[in-house]
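Worksheet: one structure, shown below.
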Amino acid sequence: AQNRLLIKNGKIVNEDEIVEEDVYIEDGVIKQLGRNLIIPGGTRVIDARGKLVIPGGIDPHTHFEFEFMGTKSVDDFYQGTKAAVAGGTTMIIDFVFVKKGESLIDAYYTYRQKADDKACCDYGLHMIVSYWSDRVREEMSILCSEHGINSFKMFMAYSFMLNDSELYKAFEACRKLGAVAMVHAENGSIVSQNTERLLAKGVTGPEGHELSRPEEVEAEAVNRACTIANQVDTPLYVVHVMSKSAASALVQARERGVRVIGETLAAALGTDGSQCKHPCFQHSAAHVLSPPLRSDPSTPRSLMISLAQNDLQLTGSDNCTFNKTQKELGINDFSKIPNGVNGVEDRMSVIWEKGVHSGILDPCRFVAITSTTAAKVFNVYPRKGCIAVGSDGDIVIWNPNRTRVISAKTHHQAVDFNIFEGMECHGVPEYVVVNGRVCVDEGLVKVVEGYGNFVKTPVFPPFVYDLENAEKLRPSNNGIDDLHQTPKGEDRKVSPT
Ligand code: URP
Ligand code: ZN
Ligand code: ZN
Ligand code: ZN
């Protein structure tokens, strides 16, 4: 009976419609959808009357056990994925950090070793390209063809940033492989200069963080990355779009034909940069990530509207958690505060609260930006990201009528702070089914360490680059292309509920 589950009387929400149907799952896979299903005896039945049955969240942006800025993030693959599941996320995609000069393939194996015995839900991996060489290019190819990697993140800031020529080569390599080029868009040279200037003036506290990385420094990098990607005809994925300026840079780039996807974060939607001016260092430093939370208080709502309008396409958490004592590395110098915040557990609830409960998103769009689009972009759709016959049994029974209050005292993460502390959220994941197993059961978290599998993310069909005929050669079967042809909002119809 363990491997058979019937979810009855709920409303199934996919990105394109809401239907009142039951879901039957067997051996981890959705086997039947409909009313009055005929199912084997001994099947466990969960009554979802009055609740929504949604695809498990996919968080395309986490950093578990991430060695960064002289320390290591505290949520490991067990605690991180346990928290994910507790919050209604059933797949995460983590970033493999590659030290300068290190083999990408060695780094990949290191991560597999860290994750395989610990992950409580399925996971995929992106690679970070922290330096450029011909060997890196070859390893990217091997990772795509043999190891189920289809995405590479390049940084335009930090000591391991790539310069424009290197970005050009890395983006071009991605296009040739049919891989997703991802970029951290901030002008690292300007950030360094601003940091020096601020520290010399005696601005050393967390309030200096955003001053050193203002909106236009993010927007400039977004624009430059889009320009470079367009020169080599590579679709681009901008991670953690944190400001109104960066979001409009994306819109403008798209207007001139750049194919670009924008991700924003639960953190940016749920809180803002005023927190970095809090007099208590532990509080303000806990909110430091890059690009920064913006002090313009209209930012969270504006980014949510961008998501509703399809100016931004999806959300991650960028979960990269450091304890208070680790944040103290930057007690005398804001530029040494380890960058990163929580979010893997609370992303779904925060976005439901600020997006759906506040009336900006409909439930279908909620599913799109928390799950379906990530599955499409990273090429695991329709296995993940939807409730359909043949898809993995990754399902959340979401109760929109119950509330919970977020707190570090009750969260499942290892970290000792929560940037959403005290937020009351409508929308509670009462049951979370991971590959057919009930891992949150009436709110009780019952995960199994190592239960999750590594999910290979296959590359898209690559195509030959030809500058003269670039227009002609644009693939029509590339999932990212399809996403771009989606008219804003109009194609999504919500059936009456
Ligand atoms: O501040 C952040 N975002 N930390 C994690 C690393 C990254 O750039 O995503
Ligand atoms: Zn980043
Ligand atoms: Zn405090
Ligand atoms: Zn990140």
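Residue numbering restarts at 1 for every chain of the structure tokens, chains are lettered A, B, ... in their displayed order, and ligands are numbered from 1 as they appear.
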
Can you write out as CSV which residues of chain A fall within 6 Å of ligand 3, alongside each residue's closest atom pair and its distance in Å to one decimal, counting only C-alpha atoms and all ligand atoms and ordering rows by chain and ascending residue number?
```
residue,atom,partner,partner_atom_place_in_ligand_line,distance
A:Cys280,CA,ligand 3,1 (Zn),4.6
A:Gln282,CA,ligand 3,1 (Zn),5.7
A:His283,CA,ligand 3,1 (Zn),4.5
```

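Using only C-alpha atoms and all ligand atoms, we find that the residues with an atom at most 8 Å from any atom of ligand 2 are Phe155, Val183, His184, Ala185, Val239, His240, Ser290, Pro291 and Asp318 of chain A.
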
Identify, counting only C-alpha atoms and all ligand atoms, the protein, DNA and RNA residues located within 7 Å of ligand 4, and give them as a ChimeraX atom specification. /A:61-63,318,320

Of A:Val23, A:Leu312, A:Val350, A:Ile54, the one nearest to Ser248 (chain A) when counting only C-alpha atoms is A:Leu312

Discussion item. If we count only C-alpha atoms and set the cut-off at 12 Å, which residues sit around Val380 (chain A), ignoring sequence neighbours fewer than 3 positions away in its own chain? Please answer as a PyMOL selection string.
Written reply: chain A and resi 58+60+91+93+122-124+148-150+371-377+383-386+391-392+455-460+479

Give me the residues near region 95-99 of chain A as an MDAnalysis selection string, where near means some atom within 7 Å (using only C-alpha atoms) and where sequence neighbours in that chain fewer than 2 positions away do not count. chainID A and resid 62:63 93 101:102 104 107:108 111 125:130

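Within 10 Å of region 132-136 of chain A, once only C-alpha atoms are used and residues closer than 4 positions along the same chain are dropped, the contacting residues are Lys100, Gly101, Glu102, Ser103, Leu104, Ile105, Met140, Ser141, Ile142, Met154, Phe160, Met161, Leu162, Asn163, Ser165, Glu166, Leu167, Lys169, Ala170 and Ala173 of chain A.
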
Those residues you just picked out, can you put them in a file as an mmCIF file, in the first residue's frame with N, CA and C atoms?
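Contents of part_14.cif, freshly written:
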```cif
data_model
loop_
_atom_site.group_PDB
_atom_site.id
_atom_site.type_symbol
_atom_site.label_atom_id
_atom_site.label_comp_id
_atom_site.auth_asym_id
_atom_site.auth_seq_id
_atom_site.Cartn_x
_atom_site.Cartn_y
_atom_site.Cartn_z
ATOM 1 N N LYS A 100 39.041 28.077 -9.086
ATOM 2 C CA LYS A 100 39.831 28.471 -10.257
ATOM 3 C C LYS A 100 40.887 27.408 -10.535
ATOM 4 N N GLY A 101 40.917 26.913 -11.762
ATOM 5 C CA GLY A 101 41.919 25.926 -12.154
ATOM 6 C C GLY A 101 41.483 24.492 -11.911
ATOM 7 N N GLU A 102 40.440 24.306 -11.077
ATOM 8 C CA GLU A 102 39.981 22.945 -10.766
ATOM 9 C C GLU A 102 39.254 22.337 -11.972
ATOM 10 N N SER A 103 39.322 21.022 -12.092
ATOM 11 C CA SER A 103 38.579 20.326 -13.137
ATOM 12 C C SER A 103 37.090 20.391 -12.831
ATOM 13 N N LEU A 104 36.305 20.744 -13.834
ATOM 14 C CA LEU A 104 34.847 20.811 -13.652
ATOM 15 C C LEU A 104 34.285 19.426 -13.345
ATOM 16 N N ILE A 105 34.910 18.433 -13.964
ATOM 17 C CA ILE A 105 34.397 17.069 -13.784
ATOM 18 C C ILE A 105 34.691 16.570 -12.367
ATOM 19 N N MET A 140 33.045 21.056 -20.343
ATOM 20 C CA MET A 140 31.614 21.404 -20.458
ATOM 21 C C MET A 140 30.922 20.408 -21.389
ATOM 22 N N SER A 141 31.589 20.106 -22.472
ATOM 23 C CA SER A 141 31.027 19.183 -23.451
ATOM 24 C C SER A 141 30.838 17.783 -22.847
ATOM 25 N N ILE A 142 31.833 17.342 -22.096
ATOM 26 C CA ILE A 142 31.746 16.004 -21.472
ATOM 27 C C ILE A 142 30.628 15.975 -20.429
ATOM 28 N N MET A 154 27.934 31.750 -15.261
ATOM 29 C CA MET A 154 29.109 32.592 -15.322
ATOM 30 C C MET A 154 28.871 33.836 -14.465
ATOM 31 N N PHE A 160 36.175 35.526 -9.153
ATOM 32 C CA PHE A 160 36.161 34.500 -10.207
ATOM 33 C C PHE A 160 35.276 34.908 -11.388
ATOM 34 N N MET A 161 35.143 36.229 -11.560
ATOM 35 C CA MET A 161 34.304 36.688 -12.683
ATOM 36 C C MET A 161 35.028 36.481 -14.010
ATOM 37 N N LEU A 162 34.239 36.344 -15.059
ATOM 38 C CA LEU A 162 34.804 36.271 -16.405
ATOM 39 C C LEU A 162 34.759 37.672 -17.024
ATOM 40 N N ASN A 163 35.741 37.972 -17.868
ATOM 41 C CA ASN A 163 35.660 39.237 -18.597
ATOM 42 C C ASN A 163 34.772 39.056 -19.832
ATOM 43 N N SER A 165 35.306 38.965 -23.040
ATOM 44 C CA SER A 165 35.747 37.999 -24.055
ATOM 45 C C SER A 165 35.459 36.571 -23.583
ATOM 46 N N GLU A 166 35.701 36.356 -22.307
ATOM 47 C CA GLU A 166 35.469 35.005 -21.762
ATOM 48 C C GLU A 166 33.976 34.680 -21.719
ATOM 49 N N LEU A 167 33.177 35.685 -21.373
ATOM 50 C CA LEU A 167 31.726 35.469 -21.394
ATOM 51 C C LEU A 167 31.273 35.105 -22.808
ATOM 52 N N LYS A 169 32.967 33.665 -25.126
ATOM 53 C CA LYS A 169 33.347 32.275 -25.447
ATOM 54 C C LYS A 169 32.490 31.271 -24.686
ATOM 55 N N ALA A 170 32.222 31.570 -23.432
ATOM 56 C CA ALA A 170 31.422 30.637 -22.620
ATOM 57 C C ALA A 170 29.988 30.563 -23.140
ATOM 58 N N ALA A 173 30.001 28.596 -26.287
ATOM 59 C CA ALA A 173 30.135 27.156 -26.004
ATOM 60 C C ALA A 173 28.778 26.581 -25.589
#
```

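Remark: for ligand 1, the closest of the candidate residues A:Gly450, A:Gly436, A:Gly390, A:Pro292 is A:Pro292 (distances computed over only C-alpha atoms and all ligand atoms).
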
Counting only C-alpha atoms, closest pick from A:Thr410, A:Asn453, A:Ser295, A:Ser358 relative to Cys425 (chain A) is A:Ser358

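The smallest atom-to-atom distance between ligand 1 and any of A:Ala286, A:Val405, A:Cys226, A:Cys439, using only C-alpha atoms and all ligand atoms, is found for A:Ala286.
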